[in-house]
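What follows is a set of notes on a single structure, which appears directly below.
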Amino acid sequence: YDHQSGNEETLRTCREHPSLIPAATINLARYLDWRADVDWCLQRGFRAFRLFPQGQYWSVEDVGFREFCEHLAPSGLPLFFTITSGEEATKIAERTADYGLPVVLLNGYYPSEAATINLMRRFPHIHVDVARRATPHIVKYLVGECGVDRLLFGSSAPQNDIQPALNAVHAADLPPEQAEQILSGNLLRLLGQGAADSLPAVAA
């Protein structure tokens, strides 16, 4: 709930462990004057914003979220959301479409796959991870339907085992360069970090 102390802790940890790339968060329900906190994060090299509207009791339909997107738009930093339904994913996609900010929808799974594919076709700024995508051949299908450049590896570790998500990527039997895009390249590009062989490959 206290994004200031959370962001400070993240920054300290990333300085102690240079292989980590810092992601910030903002609680838009906490108070109105959040702009200084966003600027603080940008000045200190945070490369993404991880948002929790459900847990913090605010909505992407709030005016405050629109103002947050407007303020963050010049940075081009990606926004990460955990989704629980196709309806929620649709609201996020619609409310973020006009700001030039990439959006990553995390932990989607089989009940919302059709909605996910339709969203990715309609909204080119929408990306998804493969953490919970257990439908047979879903990674290969998503590549065919939506392109490889908007699929990101994710595992939900340490809560979940990393192997099932790795299996989903390898089972797709993609060309090595496409598998590498999903496993690290696409995320590093969104974070503005360049090639996987020259920079850290783990996002915090």
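Ordering of the structure tokens sets the chain letters (A, B, ...); residue numbers start at 1 within each chain; ligands are numbered from 1 in the order shown.
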Quick one: residues within 12 Å of Leu32 of chain A, only C-alpha atoms, excluding same-chain residues fewer than 5 positions away - as a PyMOL selection string?
chain A and resi 26-27+37+63-65+67-68
Within segment 31-203 of chain A, find each residue whose DSSP state, derived from the backbone, is alpha helix (DSSP H), and express the selection as an mmCIF file with N, CA, C and O atoms, in the first residue's frame.
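Below is the file that was written, out04.cif:
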data_model
loop_
_atom_site.group_PDB
_atom_site.id
_atom_site.type_symbol
_atom_site.label_atom_id
_atom_site.label_comp_id
_atom_site.auth_asym_id
_atom_site.auth_seq_id
_atom_site.Cartn_x
_atom_site.Cartn_y
_atom_site.Cartn_z
ATOM 1 N N ARG A 35 2.487 12.678 -8.617
ATOM 2 C CA ARG A 35 3.375 13.000 -9.747
ATOM 3 C C ARG A 35 4.835 13.087 -9.319
ATOM 4 O O ARG A 35 5.729 12.647 -10.046
ATOM 5 N N ALA A 36 5.091 13.648 -8.160
ATOM 6 C CA ALA A 36 6.467 13.749 -7.679
ATOM 7 C C ALA A 36 7.067 12.366 -7.463
ATOM 8 O O ALA A 36 8.266 12.157 -7.700
ATOM 9 N N ASP A 37 6.244 11.407 -7.031
ATOM 10 C CA ASP A 37 6.742 10.046 -6.826
ATOM 11 C C ASP A 37 7.065 9.378 -8.159
ATOM 12 O O ASP A 37 8.053 8.642 -8.269
ATOM 13 N N VAL A 38 6.240 9.608 -9.180
ATOM 14 C CA VAL A 38 6.540 9.074 -10.507
ATOM 15 C C VAL A 38 7.854 9.656 -11.022
ATOM 16 O O VAL A 38 8.720 8.929 -11.530
ATOM 17 N N ASP A 39 8.022 10.962 -10.877
ATOM 18 C CA ASP A 39 9.254 11.605 -11.338
ATOM 19 C C ASP A 39 10.469 11.081 -10.571
ATOM 20 O O ASP A 39 11.552 10.896 -11.153
ATOM 21 N N TRP A 40 10.311 10.836 -9.275
ATOM 22 C CA TRP A 40 11.397 10.262 -8.466
ATOM 23 C C TRP A 40 11.829 8.919 -9.052
ATOM 24 O O TRP A 40 13.025 8.634 -9.182
ATOM 25 N N CYS A 41 10.854 8.101 -9.414
ATOM 26 C CA CYS A 41 11.161 6.783 -9.997
ATOM 27 C C CYS A 41 11.863 6.926 -11.337
ATOM 28 O O CYS A 41 12.838 6.206 -11.626
ATOM 29 N N LEU A 42 11.400 7.831 -12.170
ATOM 30 C CA LEU A 42 12.015 8.015 -13.482
ATOM 31 C C LEU A 42 13.451 8.505 -13.349
ATOM 32 O O LEU A 42 14.343 8.055 -14.079
ATOM 33 N N GLN A 43 13.684 9.408 -12.422
ATOM 34 C CA GLN A 43 15.026 9.957 -12.239
ATOM 35 C C GLN A 43 16.011 8.912 -11.734
ATOM 36 O O GLN A 43 17.218 9.026 -11.967
ATOM 37 N N PRO A 53 -4.437 -2.319 -9.330
ATOM 38 C CA PRO A 53 -5.683 -1.592 -9.033
ATOM 39 C C PRO A 53 -6.645 -2.363 -8.139
ATOM 40 O O PRO A 53 -7.281 -1.757 -7.263
ATOM 41 N N GLN A 54 -6.771 -3.674 -8.331
ATOM 42 C CA GLN A 54 -7.740 -4.413 -7.514
ATOM 43 C C GLN A 54 -7.329 -4.451 -6.051
ATOM 44 O O GLN A 54 -8.144 -4.213 -5.158
ATOM 45 N N GLY A 55 -6.055 -4.727 -5.791
ATOM 46 C CA GLY A 55 -5.600 -4.819 -4.415
ATOM 47 C C GLY A 55 -5.567 -3.489 -3.704
ATOM 48 O O GLY A 55 -5.607 -3.436 -2.468
ATOM 49 N N GLN A 56 -5.501 -2.391 -4.464
ATOM 50 C CA GLN A 56 -5.403 -1.056 -3.867
ATOM 51 C C GLN A 56 -6.709 -0.263 -3.977
ATOM 52 O O GLN A 56 -6.763 0.892 -3.579
ATOM 53 N N VAL A 63 -10.294 8.919 -13.295
ATOM 54 C CA VAL A 63 -9.588 10.048 -13.897
ATOM 55 C C VAL A 63 -8.119 10.040 -13.484
ATOM 56 O O VAL A 63 -7.234 10.381 -14.277
ATOM 57 N N GLY A 64 -7.855 9.638 -12.252
ATOM 58 C CA GLY A 64 -6.479 9.610 -11.779
ATOM 59 C C GLY A 64 -5.588 8.710 -12.621
ATOM 60 O O GLY A 64 -4.418 9.032 -12.863
ATOM 61 N N PHE A 65 -6.120 7.590 -13.073
ATOM 62 C CA PHE A 65 -5.314 6.702 -13.911
ATOM 63 C C PHE A 65 -5.057 7.337 -15.272
ATOM 64 O O PHE A 65 -3.954 7.231 -15.820
ATOM 65 N N ARG A 66 -6.047 8.009 -15.821
ATOM 66 C CA ARG A 66 -5.832 8.698 -17.097
ATOM 67 C C ARG A 66 -4.740 9.760 -16.952
ATOM 68 O O ARG A 66 -3.861 9.874 -17.811
ATOM 69 N N GLU A 67 -4.765 10.495 -15.856
ATOM 70 C CA GLU A 67 -3.739 11.516 -15.630
ATOM 71 C C GLU A 67 -2.367 10.878 -15.410
ATOM 72 O O GLU A 67 -1.346 11.423 -15.845
ATOM 73 N N PHE A 68 -2.329 9.723 -14.756
ATOM 74 C CA PHE A 68 -1.072 8.993 -14.587
ATOM 75 C C PHE A 68 -0.490 8.609 -15.949
ATOM 76 O O PHE A 68 0.697 8.805 -16.208
ATOM 77 N N CYS A 69 -1.324 8.080 -16.837
ATOM 78 C CA CYS A 69 -0.862 7.697 -18.173
ATOM 79 C C CYS A 69 -0.374 8.913 -18.959
ATOM 80 O O CYS A 69 0.652 8.841 -19.655
ATOM 81 N N GLU A 70 -1.093 10.014 -18.858
ATOM 82 C CA GLU A 70 -0.665 11.236 -19.543
ATOM 83 C C GLU A 70 0.693 11.706 -19.031
ATOM 84 O O GLU A 70 1.559 12.125 -19.802
ATOM 85 N N HIS A 71 0.889 11.619 -17.719
ATOM 86 C CA HIS A 71 2.147 12.068 -17.118
ATOM 87 C C HIS A 71 3.302 11.146 -17.511
ATOM 88 O O HIS A 71 4.425 11.613 -17.746
ATOM 89 N N LEU A 72 3.032 9.851 -17.592
ATOM 90 C CA LEU A 72 4.078 8.875 -17.878
ATOM 91 C C LEU A 72 4.358 8.740 -19.374
ATOM 92 O O LEU A 72 5.429 8.256 -19.763
ATOM 93 N N GLY A 86 -11.351 -11.610 -18.906
ATOM 94 C CA GLY A 86 -11.306 -10.930 -20.186
ATOM 95 C C GLY A 86 -11.878 -9.532 -20.114
ATOM 96 O O GLY A 86 -11.402 -8.612 -20.787
ATOM 97 N N GLU A 87 -12.897 -9.343 -19.283
ATOM 98 C CA GLU A 87 -13.505 -8.014 -19.135
ATOM 99 C C GLU A 87 -12.502 -7.025 -18.562
ATOM 100 O O GLU A 87 -12.389 -5.882 -19.036
ATOM 101 N N GLU A 88 -11.754 -7.452 -17.553
ATOM 102 C CA GLU A 88 -10.745 -6.579 -16.957
ATOM 103 C C GLU A 88 -9.661 -6.241 -17.970
ATOM 104 O O GLU A 88 -9.234 -5.087 -18.086
ATOM 105 N N ALA A 89 -9.215 -7.250 -18.730
ATOM 106 C CA ALA A 89 -8.192 -7.021 -19.744
ATOM 107 C C ALA A 89 -8.666 -6.017 -20.786
ATOM 108 O O ALA A 89 -7.900 -5.164 -21.246
ATOM 109 N N THR A 90 -9.928 -6.112 -21.171
ATOM 110 C CA THR A 90 -10.485 -5.199 -22.163
ATOM 111 C C THR A 90 -10.478 -3.766 -21.655
ATOM 112 O O THR A 90 -10.105 -2.831 -22.379
ATOM 113 N N LYS A 91 -10.866 -3.558 -20.405
ATOM 114 C CA LYS A 91 -10.865 -2.209 -19.834
ATOM 115 C C LYS A 91 -9.458 -1.628 -19.818
ATOM 116 O O LYS A 91 -9.247 -0.453 -20.152
ATOM 117 N N ILE A 92 -8.478 -2.444 -19.428
ATOM 118 C CA ILE A 92 -7.097 -1.968 -19.391
ATOM 119 C C ILE A 92 -6.633 -1.579 -20.785
ATOM 120 O O ILE A 92 -6.022 -0.524 -20.994
ATOM 121 N N ALA A 93 -6.913 -2.438 -21.766
ATOM 122 C CA ALA A 93 -6.487 -2.164 -23.139
ATOM 123 C C ALA A 93 -7.112 -0.881 -23.665
ATOM 124 O O ALA A 93 -6.425 -0.039 -24.278
ATOM 125 N N GLU A 94 -8.410 -0.704 -23.427
ATOM 126 C CA GLU A 94 -9.097 0.481 -23.932
ATOM 127 C C GLU A 94 -8.600 1.753 -23.250
ATOM 128 O O GLU A 94 -8.423 2.786 -23.909
ATOM 129 N N ARG A 95 -8.361 1.692 -21.944
ATOM 130 C CA ARG A 95 -7.989 2.899 -21.199
ATOM 131 C C ARG A 95 -6.531 3.301 -21.407
ATOM 132 O O ARG A 95 -6.142 4.403 -21.046
ATOM 133 N N GLU A 113 -8.545 -16.776 -23.222
ATOM 134 C CA GLU A 113 -7.657 -16.775 -24.380
ATOM 135 C C GLU A 113 -8.291 -16.104 -25.596
ATOM 136 O O GLU A 113 -7.637 -15.357 -26.321
ATOM 137 N N ALA A 114 -9.564 -16.375 -25.866
ATOM 138 C CA ALA A 114 -10.211 -15.760 -27.029
ATOM 139 C C ALA A 114 -10.234 -14.241 -26.879
ATOM 140 O O ALA A 114 -9.926 -13.506 -27.830
ATOM 141 N N ALA A 115 -10.570 -13.765 -25.676
ATOM 142 C CA ALA A 115 -10.570 -12.317 -25.431
ATOM 143 C C ALA A 115 -9.174 -11.745 -25.592
ATOM 144 O O ALA A 115 -8.994 -10.653 -26.146
ATOM 145 N N THR A 116 -8.172 -12.478 -25.124
ATOM 146 C CA THR A 116 -6.787 -12.014 -25.244
ATOM 147 C C THR A 116 -6.391 -11.852 -26.702
ATOM 148 O O THR A 116 -5.799 -10.835 -27.094
ATOM 149 N N ILE A 117 -6.692 -12.848 -27.515
ATOM 150 C CA ILE A 117 -6.321 -12.795 -28.933
ATOM 151 C C ILE A 117 -7.030 -11.646 -29.632
ATOM 152 O O ILE A 117 -6.418 -10.897 -30.415
ATOM 153 N N ASN A 118 -8.311 -11.452 -29.352
ATOM 154 C CA ASN A 118 -9.038 -10.343 -29.961
ATOM 155 C C ASN A 118 -8.459 -9.002 -29.533
ATOM 156 O O ASN A 118 -8.346 -8.064 -30.343
ATOM 157 N N LEU A 119 -8.063 -8.883 -28.262
ATOM 158 C CA LEU A 119 -7.456 -7.641 -27.785
ATOM 159 C C LEU A 119 -6.137 -7.373 -28.492
ATOM 160 O O LEU A 119 -5.856 -6.237 -28.904
ATOM 161 N N MET A 120 -5.306 -8.397 -28.632
ATOM 162 C CA MET A 120 -4.012 -8.206 -29.264
ATOM 163 C C MET A 120 -4.161 -7.838 -30.738
ATOM 164 O O MET A 120 -3.349 -7.082 -31.281
ATOM 165 N N ARG A 121 -5.181 -8.368 -31.384
ATOM 166 C CA ARG A 121 -5.442 -7.983 -32.781
ATOM 167 C C ARG A 121 -5.862 -6.513 -32.878
ATOM 168 O O ARG A 121 -5.477 -5.808 -33.803
ATOM 169 N N ARG A 122 -6.638 -6.063 -31.919
ATOM 170 C CA ARG A 122 -7.208 -4.708 -31.981
ATOM 171 C C ARG A 122 -6.257 -3.646 -31.431
ATOM 172 O O ARG A 122 -6.232 -2.513 -31.917
ATOM 173 N N ILE A 138 -0.552 -23.468 -27.133
ATOM 174 C CA ILE A 138 -1.047 -22.101 -27.107
ATOM 175 C C ILE A 138 0.023 -21.098 -27.525
ATOM 176 O O ILE A 138 -0.275 -20.083 -28.167
ATOM 177 N N VAL A 139 1.293 -21.335 -27.182
ATOM 178 C CA VAL A 139 2.337 -20.372 -27.534
ATOM 179 C C VAL A 139 2.481 -20.296 -29.053
ATOM 180 O O VAL A 139 2.536 -19.204 -29.630
ATOM 181 N N LYS A 140 2.539 -21.444 -29.712
ATOM 182 C CA LYS A 140 2.641 -21.459 -31.173
ATOM 183 C C LYS A 140 1.417 -20.799 -31.805
ATOM 184 O O LYS A 140 1.526 -20.063 -32.792
ATOM 185 N N TYR A 141 0.250 -21.039 -31.230
ATOM 186 C CA TYR A 141 -0.977 -20.444 -31.755
ATOM 187 C C TYR A 141 -0.952 -18.926 -31.606
ATOM 188 O O TYR A 141 -1.308 -18.192 -32.540
ATOM 189 N N LEU A 142 -0.514 -18.440 -30.438
ATOM 190 C CA LEU A 142 -0.444 -16.992 -30.223
ATOM 191 C C LEU A 142 0.563 -16.341 -31.168
ATOM 192 O O LEU A 142 0.330 -15.241 -31.667
ATOM 193 N N VAL A 143 1.677 -17.008 -31.405
ATOM 194 C CA VAL A 143 2.651 -16.479 -32.368
ATOM 195 C C VAL A 143 2.006 -16.355 -33.736
ATOM 196 O O VAL A 143 2.156 -15.340 -34.430
ATOM 197 N N GLY A 144 1.269 -17.380 -34.154
ATOM 198 C CA GLY A 144 0.619 -17.349 -35.461
ATOM 199 C C GLY A 144 -0.463 -16.301 -35.565
ATOM 200 O O GLY A 144 -0.632 -15.666 -36.614
ATOM 201 N N GLU A 145 -1.196 -16.080 -34.476
ATOM 202 C CA GLU A 145 -2.321 -15.151 -34.505
ATOM 203 C C GLU A 145 -1.911 -13.699 -34.252
ATOM 204 O O GLU A 145 -2.514 -12.776 -34.809
ATOM 205 N N CYS A 146 -0.909 -13.497 -33.404
ATOM 206 C CA CYS A 146 -0.608 -12.148 -32.911
ATOM 207 C C CYS A 146 0.832 -11.718 -33.130
ATOM 208 O O CYS A 146 1.174 -10.563 -32.860
ATOM 209 N N GLN A 163 9.370 -24.332 -14.450
ATOM 210 C CA GLN A 163 9.458 -25.301 -15.540
ATOM 211 C C GLN A 163 8.226 -25.343 -16.458
ATOM 212 O O GLN A 163 8.375 -25.429 -17.674
ATOM 213 N N PRO A 164 6.988 -25.307 -15.936
ATOM 214 C CA PRO A 164 5.847 -25.368 -16.855
ATOM 215 C C PRO A 164 5.840 -24.259 -17.906
ATOM 216 O O PRO A 164 5.507 -24.508 -19.065
ATOM 217 N N ALA A 165 6.217 -23.045 -17.503
ATOM 218 C CA ALA A 165 6.249 -21.952 -18.473
ATOM 219 C C ALA A 165 7.354 -22.164 -19.498
ATOM 220 O O ALA A 165 7.171 -21.885 -20.691
ATOM 221 N N LEU A 166 8.507 -22.672 -19.056
ATOM 222 C CA LEU A 166 9.567 -23.010 -20.012
ATOM 223 C C LEU A 166 9.106 -24.090 -20.969
ATOM 224 O O LEU A 166 9.367 -24.031 -22.180
ATOM 225 N N ASN A 167 8.407 -25.096 -20.446
ATOM 226 C CA ASN A 167 7.915 -26.176 -21.301
ATOM 227 C C ASN A 167 6.971 -25.639 -22.376
ATOM 228 O O ASN A 167 6.995 -26.103 -23.525
ATOM 229 N N ALA A 168 6.131 -24.663 -22.001
ATOM 230 C CA ALA A 168 5.181 -24.114 -22.974
ATOM 231 C C ALA A 168 5.900 -23.451 -24.134
ATOM 232 O O ALA A 168 5.471 -23.557 -25.291
ATOM 233 N N VAL A 169 7.010 -22.769 -23.852
ATOM 234 C CA VAL A 169 7.776 -22.127 -24.915
ATOM 235 C C VAL A 169 8.486 -23.172 -25.768
ATOM 236 O O VAL A 169 8.425 -23.144 -27.009
ATOM 237 N N HIS A 170 9.140 -24.139 -25.132
ATOM 238 C CA HIS A 170 9.901 -25.130 -25.892
ATOM 239 C C HIS A 170 8.992 -26.057 -26.701
ATOM 240 O O HIS A 170 9.357 -26.499 -27.784
ATOM 241 N N ALA A 171 7.797 -26.349 -26.172
ATOM 242 C CA ALA A 171 6.862 -27.222 -26.884
ATOM 243 C C ALA A 171 6.335 -26.575 -28.156
ATOM 244 O O ALA A 171 5.820 -27.273 -29.040
ATOM 245 N N PRO A 176 14.865 -20.898 -33.230
ATOM 246 C CA PRO A 176 15.600 -20.441 -32.038
ATOM 247 C C PRO A 176 15.515 -18.943 -31.806
ATOM 248 O O PRO A 176 15.411 -18.496 -30.655
ATOM 249 N N GLU A 177 15.537 -18.148 -32.870
ATOM 250 C CA GLU A 177 15.506 -16.705 -32.683
ATOM 251 C C GLU A 177 14.150 -16.242 -32.138
ATOM 252 O O GLU A 177 14.075 -15.282 -31.373
ATOM 253 N N GLN A 178 13.070 -16.938 -32.503
ATOM 254 C CA GLN A 178 11.765 -16.580 -31.959
ATOM 255 C C GLN A 178 11.645 -16.996 -30.493
ATOM 256 O O GLN A 178 11.096 -16.245 -29.676
ATOM 257 N N ALA A 179 12.139 -18.177 -30.164
ATOM 258 C CA ALA A 179 12.129 -18.606 -28.765
ATOM 259 C C ALA A 179 12.921 -17.631 -27.907
ATOM 260 O O ALA A 179 12.508 -17.284 -26.790
ATOM 261 N N GLU A 180 14.061 -17.165 -28.421
ATOM 262 C CA GLU A 180 14.888 -16.219 -27.670
ATOM 263 C C GLU A 180 14.157 -14.893 -27.479
ATOM 264 O O GLU A 180 14.272 -14.246 -26.425
ATOM 265 N N ASN A 186 12.087 -9.801 -26.001
ATOM 266 C CA ASN A 186 10.951 -8.879 -26.014
ATOM 267 C C ASN A 186 10.878 -8.062 -24.731
ATOM 268 O O ASN A 186 10.600 -6.857 -24.754
ATOM 269 N N LEU A 187 11.131 -8.691 -23.600
ATOM 270 C CA LEU A 187 11.106 -7.963 -22.333
ATOM 271 C C LEU A 187 12.216 -6.933 -22.281
ATOM 272 O O LEU A 187 11.986 -5.777 -21.893
ATOM 273 N N LEU A 188 13.426 -7.314 -22.670
ATOM 274 C CA LEU A 188 14.532 -6.368 -22.645
ATOM 275 C C LEU A 188 14.260 -5.176 -23.551
ATOM 276 O O LEU A 188 14.592 -4.037 -23.218
ATOM 277 N N ARG A 189 13.628 -5.418 -24.686
ATOM 278 C CA ARG A 189 13.280 -4.317 -25.592
ATOM 279 C C ARG A 189 12.284 -3.371 -24.918
ATOM 280 O O ARG A 189 12.446 -2.147 -24.964
ATOM 281 N N LEU A 190 11.253 -3.916 -24.274
ATOM 282 C CA LEU A 190 10.264 -3.075 -23.598
ATOM 283 C C LEU A 190 10.892 -2.269 -22.467
ATOM 284 O O LEU A 190 10.497 -1.129 -22.207
#
Restricting the calculation to only C-alpha atoms, which member of A:Tyr1, A:Tyr109, A:Phe46, A:Tyr31 is positioned closest to Ser75 of chain A?
A:Phe46
For Ala23 of chain A, which of A:Phe80, A:Trp58, A:Phe123, A:Phe52 is the closest residue, counting only C-alpha atoms?
A:Phe80
Please report, as a PyMOL selection string, each residue of segment 24-199 of chain A to which DSSP assigns strand (DSSP E or B) when run on this structure's backbone.
chain A and resi 24+49-51+79-82+103-106+126-129+151-152
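We find atom CA of His137 of chain A and atom CA of Asp173 of chain A to be spaced 9.4 Å apart.
Note that the spacing between atom CA of Ala24 of chain A and atom CA of Phe49 of chain A amounts to 4.7 Å.
What separates atom CA of Ile162 of chain A from atom CA of Arg15 of chain A is a distance of 24.8 Å.
Each of A:Val128, A:Val60, A:Ala29, A:Ala48 was compared to Thr96 of chain A using only C-alpha atoms, and A:Val60 turns out to be the nearest.
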Neighbouring residues of segment 147-151 of chain A were defined as those with any atom within 6 Å, considering only C-alpha atoms; residues of the same chain fewer than 5 positions away were excluded. Please report them as a ChimeraX atom specification.
/A:127-129,182
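Restricting the calculation to only C-alpha atoms, the smallest distance between Asp161 of chain A and any of A:Ala97, A:Ser184, A:Arg132, A:Leu11 is found for A:Arg132.
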